[in-house]
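A.B. asks: Right, I'll just put the structure down here and ask away after.
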Amino acid sequence: MTDFPFDAVGFDLDGTLLDTFQDLGAAVNHALTLGGFDPVPVGTSKDLIGGGAKMMLSQAVDAQGGMPKDDFHALYKKMLAYYAEHNAVHSAPYPHAREVVAELKSRGVKVAVVTNKFEEFARSILTQLDFIAPFETVIGGDSMGKGADGKFLSKPHPDPVIEARKRCGGGSFAFVGDSTYDVKAARGAGVPVIAAAYGYCDLPPHELGANGVIDSLAGLIAALEAL
């Protein structure tokens with residue numbers, strides 16, 4: 001054990017640990033084509049990832065005139081089915097991701113994943129990339145169930161971050177993410193947060209309201225120690 005300031009660190013997945021936008025964009029375009037819509041540039045998916053797959057498809061459909069709610073739900077299901085089979089074709093850990101996680105573990109720090117991606121998909125991708133073993137827990141957008149409004153308790157709701165801290169044994173906890181969803185969830189959970197400027201930020205990184213900003217995961221350890 002060292003004098004590292006945190007007992008555990010939580011990570012967002014898409015845009016923080018893994019570069020996943022190509023596979024997500026391909027799934028959106030697969031669904032759009034099935035629905036009779038024009039595909040969108042895959043790169044545009046980066047701007048919508050934080051809100052989850054449903055938001056990505058919804059905005060793409062709405063931009064082309066929309067469709068009835070029941071039809072959209074059916075199309076969304078087809079998109080998920082496609083993504084389930086093609087979610088790690090191009091996706092890969094960001095540079096230094098494996099090394100920084102290993103370094104944290106070597107210092108006795110527990111690590112967790114908190115993503116708005118469905119837990120089943122998150123676990124599948126991490127398993128295919130041989131990168132699931134280090135994590136104490138993987139909490140997905142559906143892991144905490146639904147609130148009174150019928151919507152999943154996912155980020156920016158603080159519950160997933162609070163649960164990750166609990167599953168890591170409590171103690172001091174920091175979070176790392178690339179979007180307003182991550183910062184708001186961490187703030188609501190009362191834990192400090194580092195913004196990943198290299199990710200799919202939905203605001204300029206320094207405007208996310210994080211306690212620190214990193215341009216690469218290589219700078220994470222120092223950024224956490226500076227907190």
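Lettering and numbering for the structure tokens are positional, with chains as A, B, ... in the shown order, residues counted from 1 in each chain, and ligands counted from 1 in the shown order.
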Using only C-alpha atoms, I'd like a table of the residues in range 7-77 of chain A that come within 8 Å of range 102-123 of chain A; for each, show the closest atom pair and its distance in Å rounded to one decimal, ordered by chain and ascending number, as a Markdown table.
C.D. replies:
```
| residue | atom | partner | partner_atom | distance |
| --- | --- | --- | --- | --- |
| A:Asp7 | CA | A:Val109 | CA | 5.1 |
| A:Ala8 | CA | A:Lys110 | CA | 4.4 |
| A:Val9 | CA | A:Val111 | CA | 5.0 |
| A:Gly10 | CA | A:Ala112 | CA | 4.6 |
| A:Phe11 | CA | A:Val113 | CA | 4.8 |
| A:Asp12 | CA | A:Val114 | CA | 5.1 |
| A:Leu13 | CA | A:Thr115 | CA | 5.5 |
| A:Asp14 | CA | A:Thr115 | CA | 7.4 |
| A:Gly50 | CA | A:Asn116 | CA | 7.1 |
| A:Gly51 | CA | A:Asn116 | CA | 7.2 |
| A:Gly52 | CA | A:Asn116 | CA | 5.8 |
| A:Ala53 | CA | A:Lys117 | CA | 7.4 |
```
A.B. asks: Mind listing the strand (DSSP E or B) residues of range 52-166 of chain A, per DSSP on the backbone, as a PDB file with all heavy atoms, in the first residue's frame?
C.D. replies:
```pdb
ATOM      1  N   ALA A  92     -11.081  -0.308 -29.177  1.00  0.00           N
ATOM      2  CA  ALA A  92      -9.795  -0.670 -28.577  1.00  0.00           C
ATOM      3  C   ALA A  92      -9.506   0.255 -27.404  1.00  0.00           C
ATOM      4  O   ALA A  92     -10.022   1.372 -27.341  1.00  0.00           O
ATOM      5  CB  ALA A  92      -8.675  -0.544 -29.614  1.00  0.00           C
ATOM      6  N   PRO A  93      -8.694  -0.194 -26.460  1.00  0.00           N
ATOM      7  CA  PRO A  93      -8.296   0.698 -25.359  1.00  0.00           C
ATOM      8  C   PRO A  93      -7.506   1.887 -25.893  1.00  0.00           C
ATOM      9  O   PRO A  93      -6.760   1.759 -26.871  1.00  0.00           O
ATOM     10  CB  PRO A  93      -7.410  -0.195 -24.484  1.00  0.00           C
ATOM     11  CG  PRO A  93      -7.786  -1.595 -24.836  1.00  0.00           C
ATOM     12  CD  PRO A  93      -8.129  -1.556 -26.291  1.00  0.00           C
ATOM     13  N   LYS A 110      -8.228   0.067  -6.063  1.00  0.00           N
ATOM     14  CA  LYS A 110      -9.237  -0.703  -6.779  1.00  0.00           C
ATOM     15  C   LYS A 110      -9.800   0.138  -7.919  1.00  0.00           C
ATOM     16  O   LYS A 110      -9.888   1.365  -7.822  1.00  0.00           O
ATOM     17  CB  LYS A 110     -10.361  -1.117  -5.825  1.00  0.00           C
ATOM     18  CG  LYS A 110      -9.885  -2.104  -4.763  1.00  0.00           C
ATOM     19  CD  LYS A 110     -11.017  -2.513  -3.832  1.00  0.00           C
ATOM     20  CE  LYS A 110     -10.522  -3.535  -2.806  1.00  0.00           C
ATOM     21  NZ  LYS A 110     -11.588  -3.928  -1.850  1.00  0.00           N
ATOM     22  N   VAL A 111     -10.166  -0.528  -9.018  1.00  0.00           N
ATOM     23  CA  VAL A 111     -10.679   0.187 -10.191  1.00  0.00           C
ATOM     24  C   VAL A 111     -12.037  -0.384 -10.597  1.00  0.00           C
ATOM     25  O   VAL A 111     -12.306  -1.578 -10.422  1.00  0.00           O
ATOM     26  CB  VAL A 111      -9.686   0.126 -11.372  1.00  0.00           C
ATOM     27  CG1 VAL A 111      -8.459   0.975 -11.084  1.00  0.00           C
ATOM     28  CG2 VAL A 111      -9.274  -1.307 -11.695  1.00  0.00           C
ATOM     29  N   ALA A 112     -12.876   0.489 -11.123  1.00  0.00           N
ATOM     30  CA  ALA A 112     -14.225   0.098 -11.528  1.00  0.00           C
ATOM     31  C   ALA A 112     -14.586   0.793 -12.834  1.00  0.00           C
ATOM     32  O   ALA A 112     -14.005   1.826 -13.186  1.00  0.00           O
ATOM     33  CB  ALA A 112     -15.220   0.484 -10.433  1.00  0.00           C
ATOM     34  N   VAL A 113     -15.552   0.230 -13.543  1.00  0.00           N
ATOM     35  CA  VAL A 113     -16.095   0.852 -14.754  1.00  0.00           C
ATOM     36  C   VAL A 113     -17.530   1.275 -14.470  1.00  0.00           C
ATOM     37  O   VAL A 113     -18.323   0.499 -13.932  1.00  0.00           O
ATOM     38  CB  VAL A 113     -16.064  -0.120 -15.948  1.00  0.00           C
ATOM     39  CG1 VAL A 113     -16.895   0.424 -17.116  1.00  0.00           C
ATOM     40  CG2 VAL A 113     -14.630  -0.374 -16.404  1.00  0.00           C
ATOM     41  N   VAL A 114     -17.860   2.519 -14.807  1.00  0.00           N
ATOM     42  CA  VAL A 114     -19.225   3.025 -14.699  1.00  0.00           C
ATOM     43  C   VAL A 114     -19.572   3.660 -16.039  1.00  0.00           C
ATOM     44  O   VAL A 114     -19.050   4.713 -16.387  1.00  0.00           O
ATOM     45  CB  VAL A 114     -19.378   4.066 -13.571  1.00  0.00           C
ATOM     46  CG1 VAL A 114     -20.836   4.499 -13.460  1.00  0.00           C
ATOM     47  CG2 VAL A 114     -18.897   3.502 -12.242  1.00  0.00           C
ATOM     48  N   PHE A 135     -10.879  -5.062 -13.147  1.00  0.00           N
ATOM     49  CA  PHE A 135     -11.936  -4.249 -12.555  1.00  0.00           C
ATOM     50  C   PHE A 135     -12.746  -4.990 -11.493  1.00  0.00           C
ATOM     51  O   PHE A 135     -13.173  -6.130 -11.695  1.00  0.00           O
ATOM     52  CB  PHE A 135     -12.854  -3.716 -13.662  1.00  0.00           C
ATOM     53  CG  PHE A 135     -12.120  -2.849 -14.643  1.00  0.00           C
ATOM     54  CD1 PHE A 135     -11.713  -3.361 -15.871  1.00  0.00           C
ATOM     55  CD2 PHE A 135     -11.773  -1.549 -14.306  1.00  0.00           C
ATOM     56  CE1 PHE A 135     -10.989  -2.578 -16.769  1.00  0.00           C
ATOM     57  CE2 PHE A 135     -11.049  -0.759 -15.185  1.00  0.00           C
ATOM     58  CZ  PHE A 135     -10.652  -1.275 -16.422  1.00  0.00           C
ATOM     59  N   GLU A 136     -12.926  -4.298 -10.370  1.00  0.00           N
ATOM     60  CA  GLU A 136     -13.707  -4.857  -9.268  1.00  0.00           C
ATOM     61  C   GLU A 136     -15.152  -5.076  -9.681  1.00  0.00           C
ATOM     62  O   GLU A 136     -15.802  -6.032  -9.265  1.00  0.00           O
ATOM     63  CB  GLU A 136     -13.698  -3.887  -8.075  1.00  0.00           C
ATOM     64  CG  GLU A 136     -12.353  -3.669  -7.439  1.00  0.00           C
ATOM     65  CD  GLU A 136     -11.849  -4.904  -6.719  1.00  0.00           C
ATOM     66  OE1 GLU A 136     -12.638  -5.538  -5.989  1.00  0.00           O
ATOM     67  OE2 GLU A 136     -10.668  -5.227  -6.896  1.00  0.00           O
ATOM     68  N   THR A 137     -15.658  -4.159 -10.491  1.00  0.00           N
ATOM     69  CA  THR A 137     -17.055  -4.216 -10.904  1.00  0.00           C
ATOM     70  C   THR A 137     -17.230  -3.450 -12.205  1.00  0.00           C
ATOM     71  O   THR A 137     -16.426  -2.578 -12.538  1.00  0.00           O
ATOM     72  CB  THR A 137     -17.978  -3.622  -9.816  1.00  0.00           C
ATOM     73  OG1 THR A 137     -19.347  -3.831 -10.185  1.00  0.00           O
ATOM     74  CG2 THR A 137     -17.744  -2.131  -9.640  1.00  0.00           C
ATOM     75  N   VAL A 138     -18.265  -3.803 -12.951  1.00  0.00           N
ATOM     76  CA  VAL A 138     -18.666  -3.072 -14.148  1.00  0.00           C
ATOM     77  C   VAL A 138     -20.130  -2.705 -13.962  1.00  0.00           C
ATOM     78  O   VAL A 138     -20.995  -3.581 -13.861  1.00  0.00           O
ATOM     79  CB  VAL A 138     -18.493  -3.915 -15.430  1.00  0.00           C
ATOM     80  CG1 VAL A 138     -19.033  -3.148 -16.646  1.00  0.00           C
ATOM     81  CG2 VAL A 138     -17.027  -4.296 -15.640  1.00  0.00           C
ATOM     82  N   ILE A 139     -20.415  -1.413 -13.880  1.00  0.00           N
ATOM     83  CA  ILE A 139     -21.784  -0.934 -13.706  1.00  0.00           C
ATOM     84  C   ILE A 139     -22.215  -0.269 -15.005  1.00  0.00           C
ATOM     85  O   ILE A 139     -21.580   0.676 -15.476  1.00  0.00           O
ATOM     86  CB  ILE A 139     -21.877   0.059 -12.536  1.00  0.00           C
ATOM     87  CG1 ILE A 139     -21.515  -0.658 -11.234  1.00  0.00           C
ATOM     88  CG2 ILE A 139     -23.273   0.671 -12.440  1.00  0.00           C
ATOM     89  CD1 ILE A 139     -21.461   0.240 -10.022  1.00  0.00           C
ATOM     90  N   LYS A 146     -34.534   1.050 -12.798  1.00  0.00           N
ATOM     91  CA  LYS A 146     -35.219   2.267 -13.239  1.00  0.00           C
ATOM     92  C   LYS A 146     -35.768   3.058 -12.063  1.00  0.00           C
ATOM     93  O   LYS A 146     -36.102   2.515 -11.022  1.00  0.00           O
ATOM     94  CB  LYS A 146     -36.358   1.909 -14.195  1.00  0.00           C
ATOM     95  CG  LYS A 146     -35.875   1.276 -15.493  1.00  0.00           C
ATOM     96  CD  LYS A 146     -37.029   0.957 -16.435  1.00  0.00           C
ATOM     97  CE  LYS A 146     -36.520   0.360 -17.740  1.00  0.00           C
ATOM     98  NZ  LYS A 146     -37.622   0.053 -18.689  1.00  0.00           N
ATOM     99  N   PHE A 152     -33.888   4.468 -16.798  1.00  0.00           N
ATOM    100  CA  PHE A 152     -32.761   3.857 -16.102  1.00  0.00           C
ATOM    101  C   PHE A 152     -32.008   4.894 -15.262  1.00  0.00           C
ATOM    102  O   PHE A 152     -31.837   6.042 -15.680  1.00  0.00           O
ATOM    103  CB  PHE A 152     -31.783   3.225 -17.099  1.00  0.00           C
ATOM    104  CG  PHE A 152     -32.259   1.921 -17.664  1.00  0.00           C
ATOM    105  CD1 PHE A 152     -32.472   1.779 -19.031  1.00  0.00           C
ATOM    106  CD2 PHE A 152     -32.495   0.837 -16.835  1.00  0.00           C
ATOM    107  CE1 PHE A 152     -32.905   0.571 -19.560  1.00  0.00           C
ATOM    108  CE2 PHE A 152     -32.925  -0.382 -17.352  1.00  0.00           C
ATOM    109  CZ  PHE A 152     -33.136  -0.512 -18.716  1.00  0.00           C
TER     110      PHE A 152
END
```
A.B. asks: Which polymer residues have any atom within 12 Å of an atom of Phe173 in chain A, counting only C-alpha atoms, with same-chain residues fewer than 3 positions away left out, as a PDB file with C-alpha atoms, in the first residue's frame?
C.D. replies:
```pdb
ATOM      1  CA  PHE A   4      -1.803   7.394  -3.052  1.00  0.00           C
ATOM      2  CA  PRO A   5      -4.728   9.739  -2.234  1.00  0.00           C
ATOM      3  CA  PHE A   6      -7.531   7.419  -3.401  1.00  0.00           C
ATOM      4  CA  ASP A   7      -8.584   3.931  -2.394  1.00  0.00           C
ATOM      5  CA  ALA A   8     -10.461   3.415  -5.652  1.00  0.00           C
ATOM      6  CA  VAL A   9     -10.883   5.017  -9.071  1.00  0.00           C
ATOM      7  CA  GLY A  10     -13.902   4.698 -11.351  1.00  0.00           C
ATOM      8  CA  PHE A  11     -13.706   5.029 -15.118  1.00  0.00           C
ATOM      9  CA  VAL A 109      -6.007   1.000  -5.728  1.00  0.00           C
ATOM     10  CA  LYS A 110      -9.237  -0.703  -6.779  1.00  0.00           C
ATOM     11  CA  VAL A 111     -10.679   0.187 -10.191  1.00  0.00           C
ATOM     12  CA  ALA A 112     -14.225   0.098 -11.528  1.00  0.00           C
ATOM     13  CA  VAL A 161     -20.961   6.212  -9.079  1.00  0.00           C
ATOM     14  CA  ILE A 162     -22.135   5.829  -5.479  1.00  0.00           C
ATOM     15  CA  GLU A 163     -22.627   2.096  -6.080  1.00  0.00           C
ATOM     16  CA  ALA A 164     -19.181   1.741  -7.673  1.00  0.00           C
ATOM     17  CA  ARG A 165     -17.580   3.327  -4.622  1.00  0.00           C
ATOM     18  CA  LYS A 166     -19.541   0.963  -2.387  1.00  0.00           C
ATOM     19  CA  ARG A 167     -18.528  -2.107  -4.388  1.00  0.00           C
ATOM     20  CA  CYS A 168     -14.900  -1.003  -4.152  1.00  0.00           C
ATOM     21  CA  GLY A 169     -15.160  -1.061  -0.363  1.00  0.00           C
ATOM     22  CA  GLY A 170     -15.950   2.599   0.271  1.00  0.00           C
ATOM     23  CA  VAL A 176     -12.581   9.773 -14.687  1.00  0.00           C
ATOM     24  CA  ALA A 186     -19.437  12.454  -9.865  1.00  0.00           C
ATOM     25  CA  ARG A 187     -20.519  15.803  -8.435  1.00  0.00           C
ATOM     26  CA  ALA A 189     -21.930  11.447  -5.673  1.00  0.00           C
ATOM     27  CA  GLY A 190     -19.631  13.891  -3.896  1.00  0.00           C
ATOM     28  CA  VAL A 191     -16.400  12.638  -5.461  1.00  0.00           C
ATOM     29  CA  PRO A 192     -13.712  14.484  -7.466  1.00  0.00           C
ATOM     30  CA  VAL A 193     -13.598  13.973 -11.219  1.00  0.00           C
ATOM     31  CA  ILE A 194     -10.917  14.182 -13.906  1.00  0.00           C
ATOM     32  CA  LEU A 224      -5.046  12.244  -9.264  1.00  0.00           C
ATOM     33  CA  LEU A 227      -6.019  16.414  -6.131  1.00  0.00           C
TER      34      LEU A 227
END
```
A.B. asks: For Gly25 in chain A, work out the shell of residues within 8 Å, counting only C-alpha atoms and skipping chain neighbours fewer than 2 positions away, then give it as a ChimeraX atom specification.
C.D. replies: /A:21-23,27-29,41-45
